file input.cif (mmCIF, C-alpha atoms)
data_final
#
loop_
_atom_site.label_atom_id
_atom_site.label_comp_id
_atom_site.auth_asym_id
_atom_site.auth_seq_id
_atom_site.Cartn_x
_atom_site.Cartn_y
_atom_site.Cartn_z
CA MET I 134 -10.70 -4.93 -25.91
CA PRO I 135 -13.55 -6.53 -23.93
CA TYR I 136 -13.16 -7.06 -20.24
CA PRO I 137 -11.19 -10.33 -19.89
CA SER I 138 -13.55 -11.97 -17.43
CA PRO I 139 -12.19 -15.53 -17.81
CA ILE I 140 -8.75 -14.46 -16.56
CA ILE I 141 -10.11 -12.52 -13.59
CA THR I 142 -12.06 -15.63 -12.60
CA GLU I 143 -8.91 -17.71 -12.92
CA LEU I 144 -6.87 -15.29 -10.81
CA ASN I 145 -9.54 -15.07 -8.12
CA LEU I 146 -9.49 -18.86 -7.85
CA LEU I 147 -5.89 -18.55 -6.67
CA PHE I 148 -7.20 -17.10 -3.42
CA GLU I 149 -10.51 -18.94 -3.03
CA ASN I 150 -9.05 -21.85 -1.09
CA ARG I 151 -5.88 -20.21 0.11
CA SER I 152 -5.44 -20.52 3.87
CA PRO I 153 -5.64 -17.18 5.67
CA ARG I 154 -2.22 -15.87 6.56
CA LYS I 155 -3.03 -14.34 9.94
CA VAL I 156 -1.01 -13.80 13.05
CA GLN I 157 -2.99 -11.72 15.49
CA PRO I 158 -0.88 -10.20 18.26
CA THR I 159 -2.29 -9.84 21.72
CA SER I 160 -4.64 -6.88 21.60
CA LEU I 161 -3.56 -4.19 24.03
CA PRO I 162 -5.63 -1.31 25.41
CA CYS I 163 -5.05 1.97 23.63
CA LEU I 164 -2.80 3.93 25.96
CA LEU I 165 -2.53 7.62 25.16
CA PRO I 166 -0.34 10.19 26.89
CA HIS I 167 -1.66 12.04 29.93
CA ARG I 168 -2.05 15.77 29.63
CA GLY I 169 1.38 17.36 29.77
CA SER I 170 3.33 14.17 29.06
CA SER I 171 5.99 14.41 26.40
CA SER I 172 5.72 10.94 24.90
CA PRO I 173 3.18 8.13 24.69
CA SER I 174 2.93 5.88 27.73
CA LEU I 175 3.09 2.36 26.37
CA ALA I 176 2.80 -1.02 28.03
CA SER I 177 6.07 -2.87 28.41
CA SER I 178 4.89 -5.64 26.11
CA SER I 179 4.25 -3.21 23.29
CA PRO I 180 6.68 -3.36 20.35
CA ALA I 181 7.18 0.37 20.68
CA SER I 182 8.62 0.03 24.17
CA SER I 183 10.55 -3.15 23.55
CA THR I 184 13.17 -1.30 21.53
CA SER I 185 14.89 1.88 22.61
CA THR I 186 13.35 5.15 23.71
CA LEU I 187 11.03 7.20 21.56
CA LEU I 188 11.81 10.53 19.96
CA ASP I 189 13.35 13.41 21.86
CA ASP I 190 10.92 15.34 24.04
CA ASP I 191 11.19 18.51 21.98
CA GLU I 192 10.51 16.64 18.77
CA VAL I 193 7.55 14.81 20.20
CA GLN I 194 6.12 18.10 21.43
CA SER I 195 6.36 19.50 17.90
CA ILE I 196 4.30 16.61 16.58
CA LEU I 197 1.81 15.67 19.26
CA THR I 198 -0.78 17.69 21.08
CA SER I 199 -1.73 16.74 24.59
CA ALA I 200 -4.46 14.15 24.98
CA LYS I 201 -7.44 14.60 27.25
CA SER I 202 -8.43 11.01 27.96
CA LEU I 203 -7.16 7.46 28.03
CA GLU I 204 -10.14 6.13 26.10
CA VAL I 205 -10.24 5.89 22.30
CA PRO I 206 -13.80 5.38 21.01
CA MET I 207 -14.13 2.68 18.38
CA THR I 208 -15.21 3.55 14.87
CA PRO I 209 -18.89 2.50 14.72
CA ARG I 210 -19.14 -0.80 12.90
CA GLU I 211 -22.23 0.39 11.04
CA ASN I 212 -20.13 3.08 9.36
CA LEU I 213 -17.90 0.51 7.71
CA ASN I 214 -18.68 -1.41 4.55
CA PRO I 215 -20.84 -4.37 5.67
CA LEU I 216 -19.72 -6.38 2.64
CA ALA I 217 -16.01 -5.95 3.27
CA ALA I 218 -14.52 -9.11 4.73
CA ALA I 219 -12.25 -8.73 7.72
CA PHE I 220 -8.66 -8.89 6.57
CA VAL I 221 -5.80 -9.07 9.03
CA PRO I 222 -2.24 -8.99 7.67
CA ARG I 223 0.30 -11.30 9.21
CA PHE I 224 3.13 -9.91 11.30
CA ARG I 225 6.40 -11.11 9.88
CA GLN I 226 8.31 -13.07 12.43
CA GLN I 227 11.62 -11.30 12.71
CA PRO I 228 13.63 -9.90 15.58
CA SER I 229 13.01 -6.29 16.43
CA PRO I 230 15.89 -4.17 15.15
CA SER I 231 17.80 -1.94 17.47
CA VAL I 232 16.24 1.46 16.99
CA LYS I 233 18.64 4.35 17.44
CA GLN I 234 17.64 7.43 19.36
CA VAL I 235 16.34 10.13 17.04
CA THR I 236 17.70 13.63 17.43
CA LEU I 237 16.82 16.79 15.60
CA HIS I 238 20.19 16.58 13.84
CA ASP I 239 19.63 13.23 12.14
CA ALA I 240 15.86 13.51 11.70
CA LYS I 241 14.35 14.88 8.51
CA PRO I 242 13.79 18.65 8.48
CA HIS I 243 10.75 19.69 10.47
CA VAL I 244 7.64 20.02 8.36
CA GLN I 245 5.67 22.98 9.65
CA PRO I 246 1.99 21.97 9.69
CA GLN I 247 -0.38 24.34 7.94
CA PRO I 248 -3.65 25.33 9.64
CA ASP I 249 -5.61 22.79 7.60
CA GLN I 250 -3.16 19.92 8.11
CA PRO I 251 -3.86 17.14 10.64
CA MET I 252 -1.89 17.01 13.86
CA TRP I 253 -0.11 13.84 12.76
CA PHE I 254 1.15 15.39 9.50
CA ASP I 255 4.69 16.02 10.73
CA ALA I 256 5.15 12.46 12.01
CA PHE I 257 3.68 11.09 8.78
CA SER I 258 5.98 13.21 6.61
CA ARG I 259 9.06 12.12 8.50
CA GLY I 260 8.08 8.46 8.62
CA ALA I 261 7.28 8.42 4.91
CA CYS I 262 10.78 9.51 3.92
CA THR I 263 12.92 8.02 6.68
CA SER I 264 15.91 6.04 5.48
CA GLY I 265 15.31 2.95 7.61
CA THR I 266 12.35 0.80 8.59
CA SER I 267 13.72 0.76 12.16
CA MET I 268 12.39 4.31 12.54
CA HIS I 269 8.92 3.49 11.19
CA GLU I 270 7.74 2.11 14.52
CA GLN I 271 8.36 5.30 16.43
CA TYR I 272 6.72 7.58 13.87
CA ALA I 273 3.79 5.16 13.60
CA VAL I 274 3.25 5.35 17.37
CA LEU I 275 3.20 9.14 17.14
CA ILE I 276 0.56 9.01 14.41
CA VAL I 277 -1.68 6.55 16.23
CA THR I 278 -1.48 8.40 19.55
CA SER I 279 -1.93 11.86 18.03
CA ARG I 280 -5.72 11.58 18.28
CA LEU I 281 -8.11 10.57 21.03
CA ALA I 282 -10.46 9.05 18.48
CA TRP I 283 -10.18 7.84 14.89
CA PRO I 284 -13.60 8.38 13.27
CA ILE I 285 -14.01 7.41 9.64
CA GLU I 286 -13.32 10.95 8.41
CA ALA I 287 -9.93 11.08 10.16
CA MET I 288 -9.03 7.56 9.08
CA GLY I 289 -9.98 8.37 5.50
CA GLU I 290 -7.72 11.42 5.55
CA LEU I 291 -4.78 9.35 6.80
CA ALA I 292 -5.40 6.72 4.12
CA GLN I 293 -5.51 9.44 1.46
CA HIS I 294 -2.09 10.66 2.51
CA PHE I 295 -0.68 7.14 2.20
CA SER I 296 -2.30 6.76 -1.22
CA ARG I 297 -0.80 10.04 -2.44
CA ARG I 298 2.64 9.12 -1.17
CA GLY I 299 2.32 5.73 -2.82
CA SER I 300 1.95 7.48 -6.18
CA GLU I 301 5.24 9.32 -5.76
CA LYS I 302 8.58 8.05 -6.95
CA ILE I 303 10.43 6.41 -4.07
CA GLN I 304 13.56 8.30 -3.15
CA GLU I 305 16.72 6.21 -3.05
CA GLU I 306 17.31 6.99 0.61
CA SER I 307 13.71 6.15 1.58
CA ALA I 308 12.75 2.78 3.04
CA GLY I 309 9.42 2.99 1.20
CA ILE I 310 5.89 3.99 2.06
CA ALA I 311 4.42 0.46 2.05
CA PRO I 312 6.48 -0.78 5.04
CA PHE I 313 5.50 2.40 6.89
CA ALA I 314 1.80 1.71 6.18
CA PHE I 315 2.27 -1.78 7.60
CA MET I 316 3.82 -0.40 10.77
CA VAL I 317 0.99 2.11 11.21
CA TYR I 318 -1.47 -0.76 10.86
CA ARG I 319 0.46 -2.74 13.44
CA GLN I 320 0.43 0.11 15.94
CA PHE I 321 -3.31 0.60 15.44
CA PHE I 322 -3.74 -3.10 16.19
CA GLU I 323 -1.46 -3.12 19.21
CA LEU I 324 -2.57 0.15 20.78
CA CYS I 325 -6.22 0.52 19.75
CA GLY I 326 -7.43 -2.96 18.90
CA GLU I 327 -8.53 -4.87 15.83
CA GLU I 328 -11.57 -2.78 14.92
CA ILE I 329 -9.59 0.45 14.55
CA ALA I 330 -6.85 -1.42 12.65
CA GLN I 331 -9.46 -2.89 10.31
CA SER I 332 -10.82 0.60 9.69
CA PHE I 333 -7.34 1.74 8.63
CA ILE I 334 -6.94 -1.21 6.25
CA TRP I 335 -10.37 -0.71 4.72
CA HIS I 336 -9.81 3.00 4.06
CA LEU I 337 -6.29 2.40 2.74
CA ARG I 338 -7.56 -0.23 0.34
CA GLU I 339 -10.44 1.94 -0.88
CA CYS I 340 -8.16 4.93 -1.49
CA VAL I 341 -5.36 3.05 -3.23
CA ILE I 342 -7.52 0.82 -5.42
CA GLY I 343 -9.82 3.74 -6.24
CA ALA I 344 -6.88 5.88 -7.38
CA PHE I 345 -5.55 3.01 -9.49
CA ILE I 346 -8.89 2.37 -11.21
CA ALA I 347 -9.33 6.08 -11.89
CA SER I 348 -5.98 6.15 -13.66
CA TRP I 349 -6.09 2.90 -15.64
CA ASP I 350 -9.68 1.76 -16.23
CA PRO I 351 -10.61 2.91 -19.75
CA ASP I 352 -14.17 3.51 -18.57
CA SER I 353 -12.94 6.18 -16.14
CA SER I 354 -13.10 9.82 -17.23
CA THR I 355 -9.59 10.35 -15.86
CA ALA I 356 -8.04 7.23 -17.37
CA ILE I 357 -4.73 7.24 -19.22
CA THR I 358 -5.83 7.06 -22.86
CA TYR I 359 -5.01 8.68 -26.18
CA ARG I 360 -8.28 10.58 -25.90
CA ASN I 361 -7.29 12.04 -22.52
CA ALA I 362 -3.69 13.01 -23.27
CA PRO I 363 -1.97 12.66 -19.87
CA SER I 364 1.06 14.49 -18.57
CA PHE I 365 4.31 12.71 -17.90
CA ASN I 366 3.88 13.25 -14.16
CA TYR I 367 0.37 11.77 -14.20
CA VAL I 368 1.60 8.61 -15.91
CA ALA I 369 4.63 8.33 -13.62
CA SER I 370 2.30 8.66 -10.63
CA ALA I 371 -0.01 5.92 -11.92
CA ILE I 372 2.93 3.56 -12.52
CA ALA I 373 4.25 4.24 -9.01
CA GLN I 374 0.75 3.47 -7.66
CA ALA I 375 0.88 0.11 -9.46
CA THR I 376 4.15 -0.69 -7.70
CA PHE I 377 2.65 0.43 -4.38
CA ILE I 378 -0.29 -1.96 -4.76
CA GLY I 379 2.03 -4.90 -5.38
CA GLN I 380 4.05 -3.97 -2.30
CA LEU I 381 0.92 -3.69 -0.16
CA PHE I 382 -0.10 -7.16 -1.35
CA THR I 383 3.19 -8.66 -0.18
CA LEU I 384 2.55 -7.11 3.24
CA ASP I 385 -1.04 -8.48 3.32
CA LEU I 386 -2.49 -4.98 3.38
CA ILE I 387 -4.33 -5.53 0.09
CA PRO I 388 -5.95 -8.92 -0.62
CA GLY I 389 -5.05 -11.02 -3.63
CA PRO I 390 -8.40 -10.61 -5.44
CA HIS I 391 -8.06 -6.82 -5.32
CA THR I 392 -4.54 -7.08 -6.72
CA ALA I 393 -5.85 -9.38 -9.46
CA THR I 394 -8.53 -6.81 -10.34
CA CYS I 395 -5.81 -4.19 -10.83
CA MET I 396 -3.81 -6.48 -13.12
CA VAL I 397 -6.87 -7.26 -15.20
CA THR I 398 -7.80 -3.57 -15.37
CA LEU I 399 -4.46 -2.94 -17.08
CA LEU I 400 -5.11 -5.83 -19.47
CA LYS I 401 -8.54 -4.40 -20.22
CA GLY I 402 -7.17 -1.10 -21.49
CA LEU I 403 -3.75 -2.22 -22.65
CA ASN I 404 -2.98 -0.10 -25.71
CA SER I 405 0.32 1.61 -25.03
CA TYR I 406 3.87 1.21 -23.83
CA GLU I 407 2.90 2.99 -20.60
CA HIS I 408 0.22 0.38 -19.85
CA LEU I 409 2.91 -2.27 -20.16
CA GLU I 410 5.07 -0.34 -17.70
CA GLY I 411 2.21 -0.29 -15.21
CA LEU I 412 1.54 -4.01 -15.65
CA ARG I 413 5.21 -4.85 -15.26
CA SER I 414 5.38 -2.76 -12.07
CA ILE I 415 2.48 -4.42 -10.27
CA ILE I 416 3.50 -7.94 -11.32
CA ALA I 417 7.12 -7.46 -10.29
CA SER I 418 6.29 -5.93 -6.90
CA ALA I 419 3.62 -8.54 -6.07
CA GLY I 420 6.11 -11.31 -6.82
CA PRO I 421 5.69 -15.07 -7.11
CA THR I 422 3.62 -15.42 -3.93
CA PHE I 423 0.71 -13.88 -5.81
CA TRP I 424 0.54 -16.94 -8.06
CA HIS I 425 1.23 -19.84 -5.76
CA GLY I 426 -0.96 -20.86 -2.84
CA SER I 427 -1.75 -24.12 -1.09
CA ILE I 428 -3.08 -26.06 -4.09
CA PRO I 429 -0.21 -27.62 -6.07
CA GLY I 430 -0.27 -26.76 -9.76
CA GLN I 431 -3.03 -24.15 -9.54
CA GLY I 432 -0.54 -21.31 -9.84
CA ASN I 433 1.03 -22.80 -12.94
CA ILE I 434 -2.37 -23.05 -14.62
CA ALA I 435 -3.14 -19.43 -13.78
CA ILE I 436 0.24 -18.28 -15.10
CA HIS I 437 -0.23 -20.04 -18.43
CA LYS I 438 -3.75 -18.63 -18.86
CA PHE I 439 -2.57 -15.16 -17.86
CA VAL I 440 0.27 -15.24 -20.37
CA ALA I 441 -2.12 -16.39 -23.12
CA THR I 442 -4.48 -13.50 -22.31
CA PHE I 443 -1.56 -11.07 -22.13
CA LEU I 444 -0.16 -12.09 -25.52
CA GLU I 445 -3.62 -11.72 -27.05
CA ALA I 446 -3.93 -8.23 -25.56
CA VAL I 447 -0.55 -7.02 -26.87
CA ALA I 448 -0.95 -8.51 -30.35
CA PRO I 449 -2.48 -5.31 -31.84
CA LEU I 450 0.24 -3.05 -30.39
CA ARG I 451 2.54 -1.28 -32.81
CA ALA I 452 6.11 -0.27 -32.06
CA ASN I 453 5.33 3.44 -31.65
CA MET I 454 2.22 3.27 -29.44
CA SER I 455 2.83 5.61 -26.50
CA VAL I 456 0.16 7.75 -24.84
CA LEU I 457 2.92 10.22 -24.02
CA GLY I 458 4.02 10.40 -27.65
CA ARG I 459 7.49 9.15 -26.78
CA ALA I 460 9.83 8.23 -29.60
CA LEU I 461 10.30 4.56 -28.80
CA GLY I 462 13.23 2.60 -30.16
CA ALA I 463 12.58 -0.08 -32.73
CA SER I 464 12.86 -2.88 -30.14
CA GLU I 465 11.50 -1.20 -27.01
CA MET I 466 7.90 -2.34 -27.37
CA ARG I 467 8.88 -5.88 -28.15
CA GLY I 468 11.42 -5.81 -25.35
CA ILE I 469 8.97 -4.91 -22.58
CA ILE I 470 6.43 -7.46 -23.85
CA VAL I 471 9.06 -10.19 -23.64
CA GLU I 472 10.14 -8.92 -20.23
CA VAL I 473 6.62 -9.19 -18.78
CA GLU I 474 6.10 -12.64 -20.31
CA GLN I 475 9.41 -13.96 -18.99
CA LEU I 476 8.85 -12.40 -15.59
CA VAL I 477 5.62 -14.34 -15.07
CA THR I 478 6.68 -17.61 -16.71
CA GLY I 479 9.84 -17.55 -14.61
CA TRP I 480 7.63 -18.28 -11.59
CA VAL I 481 6.24 -21.52 -12.99
CA HIS I 482 7.02 -24.35 -10.56
CA ARG I 483 8.97 -27.08 -12.32
CA GLY I 484 8.73 -30.77 -11.67
#

call {"tool": "encode", "arguments": {"input": "input.cif", "output": "structure tokens"}}
result
Amino acid sequence: MPYPSPIITELNLLFENRSPRKVQPTSLPCLLPHRGSSSPSLASSSPASSTSTLLDDDEVQSILTSAKSLEVPMTPRENLNPLAAAFVPRFRQQPSPSVKQVTLHDAKPHVQPQPDQPMWFDAFSRGACTSGTSMHEQYAVLIVTSRLAWPIEAMGELAQHFSRRGSEKIQEESAGIAPFAFMVYRQFFELCGEEIAQSFIWHLRECVIGAFIASWDPDSSTAITYRNAPSFNYVASAIAQATFIGQLFTLDLIPGPHTATCMVTLLKGLNSYEHLEGLRSIIASAGPTFWHGSIPGQGNIAIHKFVATFLEAVAPLRANMSVLGRALGASEMRGIIVEVEQLVTGWVHRG
């Protein structure tokens, strides 16, 4: 089907006059450990030091290498996209949880870094699969303070790791990779300043949106289509990435217009049950706040136009259309179409 430009315009209007949701914490100098220290030295006003102690000395030593300086050079502004608008997520106002002391017994098994793995890989691996968001702060501090400088190459590598983890199925015991990404952003902001934090957000957004477009845009050579018969794992990964994008939106790590572009990309190539699964995932994880801003009634208009475009896109679908060749039940296709429609229309503001 042709690119549904009217609906992307309508969705972008949802964010054109929406007030920025920013809460900028006091920017602190980036304090890195002195040579030979076993844990980062943080200011008392830092969130990392306002809870309990950091990881055990032995565990920190297995993750961090000693730093040589207190100064962290900023990523040169000219190396960033000059057209990318600054985007600062809000910090949710909630009391800091009591963070328990981590020991080697209750931490995840040690991940032995390979020669080509970054020095923060162990902390990232543990933080990505930890069972509680209360531990995210400590692992995020270890990541941020693992380097003296965060040039664009290093930041891009970190963002790629988050993108890859976002395309994996979330384990039941995991608190999720999106909240961990938010905490890493927060520690970049608190410890290294806004410019480094903005670099992280920009690279994260480029990696995640790029991976999504590569999987779902029918114009991509790696898109999920009948012509490019995908594997089950590839499709599952792409659906998980759709969920990840919606979660990043709720945390203000991906702007609304970028999230809208992803939704419309799925509409553009919607020709299978799997495309519907991806669309359902991103809509459900983004939630009702995607649709409703500061202008009363604008969200309702966008919802009605989106549903009209959606129903037009699914009209040609037949009951057995699956890029994976799955044997769908007689009512499965109709069921997921109704589910997506009711999910969105359920967020219409009444009265």

call {"tool": "atom_distance", "arguments": {"input": "input.cif", "atom1": "CA of Ser332 in chain I", "atom2": "CA of Arg259 in chain I"}}
result
23.0 Å

call {"tool": "atom_distance", "arguments": {"input": "input.cif", "atom1": "CA of Ala292 in chain I", "atom2": "CA of Trp335 in chain I"}}
result
9.0 Å

call {"tool": "closest_residue", "arguments": {"input": "input.cif", "among": "I:Leu409, I:Cys325, I:Val473, I:Cys262", "to": "Phe439 in chain I", "atoms": "all atoms listed in the file"}}
result
I:Val473

call {"tool": "closest_atom_pairs", "arguments": {"input": "input.cif", "of": "range 316-379 of chain I", "to": "range 414-428 of chain I", "cutoff": "9 Å", "atoms": "only C-alpha atoms", "output": "CSV"}}
result
residue,atom,partner,partner_atom,distance
I:Ile372,CA,I:Ser414,CA,6.8
I:Ala373,CA,I:Ser414,CA,7.7
I:Gln374,CA,I:Ile415,CA,8.5
I:Ala375,CA,I:Ile415,CA,4.9
I:Thr376,CA,I:Ile415,CA,4.8
I:Phe377,CA,I:Ile415,CA,7.6
I:Ile378,CA,I:Ile415,CA,6.6
I:Gly379,CA,I:Ala419,CA,4.0

call {"tool": "atom_distance", "arguments": {"input": "input.cif", "atom1": "CA of Trp349 in chain I", "atom2": "CA of Asn366 in chain I"}}
result
14.4 Å

call {"tool": "residues_around", "arguments": {"input": "input.cif", "residues": "Ala256 in chain I", "least_positions_apart": "5", "cutoff": "8 Å", "atoms": "all atoms listed in the file", "output": "JSON list (two decimals) with C-alpha atoms, keeping the file's coordinate frame"}}
result
[["chain", "number", "residue", "atom", "x", "y", "z"],
["I", 196, "ILE", "CA", 4.30, 16.61, 16.58],
["I", 272, "TYR", "CA", 6.72, 7.58, 13.87],
["I", 273, "ALA", "CA", 3.79, 5.16, 13.60],
["I", 275, "LEU", "CA", 3.20, 9.14, 17.14],
["I", 276, "ILE", "CA", 0.56, 9.01, 14.41]]

call {"tool": "residues_around", "arguments": {"input": "input.cif", "residues": "range 354-357 of chain I", "least_positions_apart": "5", "cutoff": "10 Å", "atoms": "only C-alpha atoms", "output": "list of chain:residue names"}}
result
I:Ala344, I:Phe345, I:Ile346, I:Ala347, I:Ser348, I:Trp349, I:Ala362, I:Pro363, I:Ser364, I:Tyr367, I:Val368, I:Ala371, I:Gly402, I:Asn404, I:Ser405, I:Glu407, I:His408, I:Val456, I:Leu457

call {"tool": "resolve_selection", "arguments": {"input": "input.cif", "expression": "the PyMOL selection byres ((chain I and resi 294) around 10)", "output": "PyMOL selection string"}}
result
chain I and resi 254+257-258+261+289-293+295-299+337+340
